[in-house]
Every structure is written in structure tokens, then in C-alpha cells.
Amino acid sequence: MAAGGARPRIVPIALAPWGFLNAYLLLGERVIVVDAGYPHMAAGIPASLERQGVAARDVSLILLTHGHLDHLGGVTRLRETIDAPVALHRADAEIARSGRDRPLHGTDLFGKAFALFAPRTAPPFEPEVVHDGELDLAPYGVSGHTVHTPGHTPGSVSVVLEQAVICGDLLAGRTLTASAPRLPYFADDLDAIEASVRTLLGRSQGQWYLGHRGPLDPRDVAAWLARRTGSAG
């Protein structure tokens, strides 16, 4: 774990009903916003800051877990009230600059159907902190760091904290059982997802917070991976 910063309190923000799309606040010495939702959802984040008694000027970073529009589309709207730099992995940065999503590859019938009508454009922006996956969060007032966890997209990252991880869309929770792990609705590389899940299990034994549904117990994640790969552990 990177030294410095303060162990944060994690505040989930439900941007859609029943946890179908989540953003997060990390409340440490300063505040990091994790993900921004679609443009019409971004107002939920300043409202959550207000409920926590946090001023917008205390936000040090807007950290994006990956480059799909349901996670970065709200950045331009969000920055109307929050003047903080945006961090995004280099492999997904062109989506932010163009405002156009890549093709979405559904992992099941729901994902394939949703890909047909999901919003594909959002206001473009330039991320100020373009990184390669290992971003120390201590300079932004939070004890933690990111880990490159590709598979959902090439530039997906997870946030590793002392007590938990926030892993974006590396996995999702099931529709009827939010705490049961499943593949994300879309994925670019299923083998890479399995490798990234294994990497993240080795980095932290804390709870997994997700972009869609969750949270997950890491023991359930390990069992899911074992069933999927046919391994014994």
C-alpha cells in the first residue's frame, strides 16, 4: 500500500435505482470522486457531497475506473461545480477526448440487447492525469492506489484501499442478488478479466465495491473464479 494520505471512508452514490449504477466518494484528508455516470446523472454527486457536509472545493480528484460513457459521460457536467483534475488510464483516454464510445461486446443476452440502444456519445474532455494503471492517491489526500485491471476495457483500473477495493466494471452483481458475482454486462477480453480478478484477489481481502450492483465478498469472488476456470481454489 502506498504511504501517505488518510484511510478513507467509502460513500456509495446510487446514480440509478437498486444499485444498477454506482459512483463513490472517498473521504480522507481530501475527497476523491470515483466515476461520474452519464451526463444526466452527474448532479447526484454534488448532492451527495452536500449530504456529507463536504464542500466541492475539497475534491482533489475525479478518478475514472474506465472509459465507458456510463462512467465518464458526466464529467463535463460535474466539472461545472467541481474544479478538480480528472484521472483516466492511457488506454481509455481517447474515448474521453472524442466523446464516442467503443463498440460494446455483450457477455450475455441482456448485455447484447443493451448495447443496441445504450448512449454512445457524451461531451468530450481532456483528462489532466493520464496514467498507466499504478496511480498513488496519497498526493490527493487518500491512502490507496490504483491497479491496472484490464478486460472490461483495455484501460480499466481498480482502486485498492486498506479496507476494500473499488473495481468499476471488472465484475458485476447479479440482477436479483446484488452480492453474487457475475461477468460485467460488456467485456473486451474475458481471459483478461479472469487474470485481473486473480490479481486483485492477491492485492486485497477487503470488500469489492462495483459500478453495477454489489458489493461482493472476496470469498465469493474467489469461488466464482474457481468455478469459471475449473481450478480447485
# chains A, B, ... in the order shown; residues from 1 in each chain; ligands from 1
>>> residues_around(residues="A:Leu63", least_positions_apart="5", cutoff="7 Å", atoms="only C-alpha atoms", output="JSON, numbers by chain")
{"A": [32, 33, 34, 35, 86, 87, 88]}
>>> select_by_dssp(residues="stretch 84-190 of chain A", states="strand (DSSP E or B)", output="MDAnalysis selection string")
chainID A and resid 86:89 100 106 121 129:131 136 142 145:148 157:160 164:166 172:173 181:182 186
>>> select_by_dssp(residues="stretch 59-148 of chain A", states="alpha helix (DSSP H)", output="PyMOL selection string")
chain A and resi 69-72+75-78+93-98+109-117
>>> atom_distance(atom1="atom CA of A:Gly37", atom2="atom CA of A:Asp136")
23.2 Å
>>> residues_around(residues="stretch 106-111 of chain A", least_positions_apart="2", cutoff="10 Å", atoms="only C-alpha atoms", output="list of chain:residue names")
A:Pro103, A:Leu104, A:Ala113, A:Phe114, A:Ala115, A:Leu116, A:Ala118, A:Arg182, A:Leu183, A:Pro184, A:Tyr185, A:Phe186, A:Ala187, A:Asp188, A:Leu190
>>> write_last_selection(atoms="N, CA and C atoms", output="PDB file, in the first residue's frame")
ATOM      1  N   PRO A 103     -17.136   0.045 -29.590  1.00  0.00           N
ATOM      2  CA  PRO A 103     -18.174  -0.988 -29.678  1.00  0.00           C
ATOM      3  C   PRO A 103     -18.280  -1.741 -28.345  1.00  0.00           C
ATOM      4  N   LEU A 104     -19.514  -2.066 -27.978  1.00  0.00           N
ATOM      5  CA  LEU A 104     -19.776  -2.776 -26.727  1.00  0.00           C
ATOM      6  C   LEU A 104     -20.023  -4.248 -27.033  1.00  0.00           C
ATOM      7  N   ALA A 113     -28.346  -6.938 -25.877  1.00  0.00           N
ATOM      8  CA  ALA A 113     -29.521  -6.112 -26.175  1.00  0.00           C
ATOM      9  C   ALA A 113     -29.284  -4.662 -25.770  1.00  0.00           C
ATOM     10  N   PHE A 114     -28.684  -4.450 -24.575  1.00  0.00           N
ATOM     11  CA  PHE A 114     -28.451  -3.093 -24.110  1.00  0.00           C
ATOM     12  C   PHE A 114     -27.471  -2.358 -25.015  1.00  0.00           C
ATOM     13  N   ALA A 115     -26.520  -3.096 -25.583  1.00  0.00           N
ATOM     14  CA  ALA A 115     -25.533  -2.480 -26.478  1.00  0.00           C
ATOM     15  C   ALA A 115     -26.188  -1.847 -27.695  1.00  0.00           C
ATOM     16  N   LEU A 116     -27.374  -2.309 -28.046  1.00  0.00           N
ATOM     17  CA  LEU A 116     -28.048  -1.798 -29.236  1.00  0.00           C
ATOM     18  C   LEU A 116     -28.623  -0.402 -29.017  1.00  0.00           C
ATOM     19  N   ALA A 118     -27.746   1.627 -25.963  1.00  0.00           N
ATOM     20  CA  ALA A 118     -27.005   2.418 -24.980  1.00  0.00           C
ATOM     21  C   ALA A 118     -26.514   3.726 -25.600  1.00  0.00           C
ATOM     22  N   ARG A 182     -20.858 -11.914 -11.053  1.00  0.00           N
ATOM     23  CA  ARG A 182     -21.072 -12.341 -12.428  1.00  0.00           C
ATOM     24  C   ARG A 182     -20.152 -11.524 -13.317  1.00  0.00           C
ATOM     25  N   LEU A 183     -20.026 -11.952 -14.579  1.00  0.00           N
ATOM     26  CA  LEU A 183     -19.294 -11.143 -15.540  1.00  0.00           C
ATOM     27  C   LEU A 183     -19.957  -9.784 -15.703  1.00  0.00           C
ATOM     28  N   PRO A 184     -19.188  -8.759 -16.072  1.00  0.00           N
ATOM     29  CA  PRO A 184     -19.816  -7.485 -16.418  1.00  0.00           C
ATOM     30  C   PRO A 184     -20.705  -7.649 -17.643  1.00  0.00           C
ATOM     31  N   TYR A 185     -21.598  -6.705 -17.858  1.00  0.00           N
ATOM     32  CA  TYR A 185     -22.529  -6.794 -18.991  1.00  0.00           C
ATOM     33  C   TYR A 185     -21.793  -6.733 -20.323  1.00  0.00           C
ATOM     34  N   PHE A 186     -20.640  -6.040 -20.330  1.00  0.00           N
ATOM     35  CA  PHE A 186     -19.816  -5.928 -21.532  1.00  0.00           C
ATOM     36  C   PHE A 186     -18.379  -6.293 -21.168  1.00  0.00           C
ATOM     37  N   ALA A 187     -17.650  -6.838 -22.133  1.00  0.00           N
ATOM     38  CA  ALA A 187     -16.237  -7.136 -21.890  1.00  0.00           C
ATOM     39  C   ALA A 187     -15.507  -7.192 -23.220  1.00  0.00           C
ATOM     40  N   ASP A 188     -14.297  -6.654 -23.228  1.00  0.00           N
ATOM     41  CA  ASP A 188     -13.440  -6.739 -24.411  1.00  0.00           C
ATOM     42  C   ASP A 188     -12.614  -8.015 -24.432  1.00  0.00           C
ATOM     43  N   LEU A 190     -12.331 -11.658 -22.079  1.00  0.00           N
ATOM     44  CA  LEU A 190     -12.727 -12.467 -20.927  1.00  0.00           C
ATOM     45  C   LEU A 190     -11.513 -13.084 -20.226  1.00  0.00           C
TER      46      LEU A 190
END
>>> closest_residue(among="A:Arg227, A:His71, A:Arg100, A:Arg213", to="A:Pro12", atoms="only C-alpha atoms")
A:Arg213
>>> residues_around(residues="A:Ala91", least_positions_apart="3", cutoff="8 Å", atoms="only C-alpha atoms", output="VMD selection string")
chain A and resid 94 132 154 to 155
>>> write_last_selection(atoms="N, CA and C atoms", output="CSV table (one decimal), in the first residue's frame")
chain,number,residue,atom,x,y,z
A,94,GLU,N,-8.6,8.2,-25.1
A,94,GLU,CA,-9.2,8.7,-26.4
A,94,GLU,C,-10.7,8.7,-26.4
A,132,ASP,N,-0.8,5.1,-16.3
A,132,ASP,CA,-0.6,3.7,-16.8
A,132,ASP,C,-1.1,2.6,-15.9
A,154,PRO,N,-9.6,-2.0,-22.2
A,154,PRO,CA,-8.1,-2.1,-22.0
A,154,PRO,C,-7.6,-1.2,-20.9
A,155,GLY,N,-8.3,-0.1,-20.6
A,155,GLY,CA,-7.8,0.8,-19.6
A,155,GLY,C,-8.5,0.8,-18.3
>>> closest_residue(among="A:Gly168, A:Gly144, A:Pro150, A:Pro181", to="A:Arg203", atoms="only C-alpha atoms")
A:Gly144
>>> closest_residue(among="A:Glu80, A:Ala223, A:Thr153, A:Tyr140", to="A:Arg102", atoms="only C-alpha atoms")
A:Thr153
>>> closest_residue(among="A:Ala42, A:Leu216, A:Val221, A:Ile82", to="A:Gly173", atoms="only C-alpha atoms")
A:Leu216
>>> closest_residue(among="A:Thr65, A:Gln52, A:Ser156, A:Thr121", to="A:Asn22", atoms="only C-alpha atoms")
A:Thr65
>>> residues_around(residues="A:Gly73", least_positions_apart="5", cutoff="12 Å", atoms="only C-alpha atoms", output="MDAnalysis selection string")
chainID A and resid 35:42 64 66:68 78:79 95:101 119:125
>>> closest_residue(among="A:Leu135, A:Val54, A:Leu72, A:Val142", to="A:Leu26", atoms="only C-alpha atoms")
A:Val142
>>> residues_around(residues="A:Gly206", least_positions_apart="6", cutoff="8 Å", atoms="only C-alpha atoms", output="list of chain:residue names")
A:Glu162, A:Gln163, A:Ala164, A:Val165, A:Asp217, A:Pro218
>>> residues_around(residues="A:Asp169", least_positions_apart="6", cutoff="7 Å", atoms="only C-alpha atoms", output="PyMOL selection string")
chain A and resi 152+184+210-212
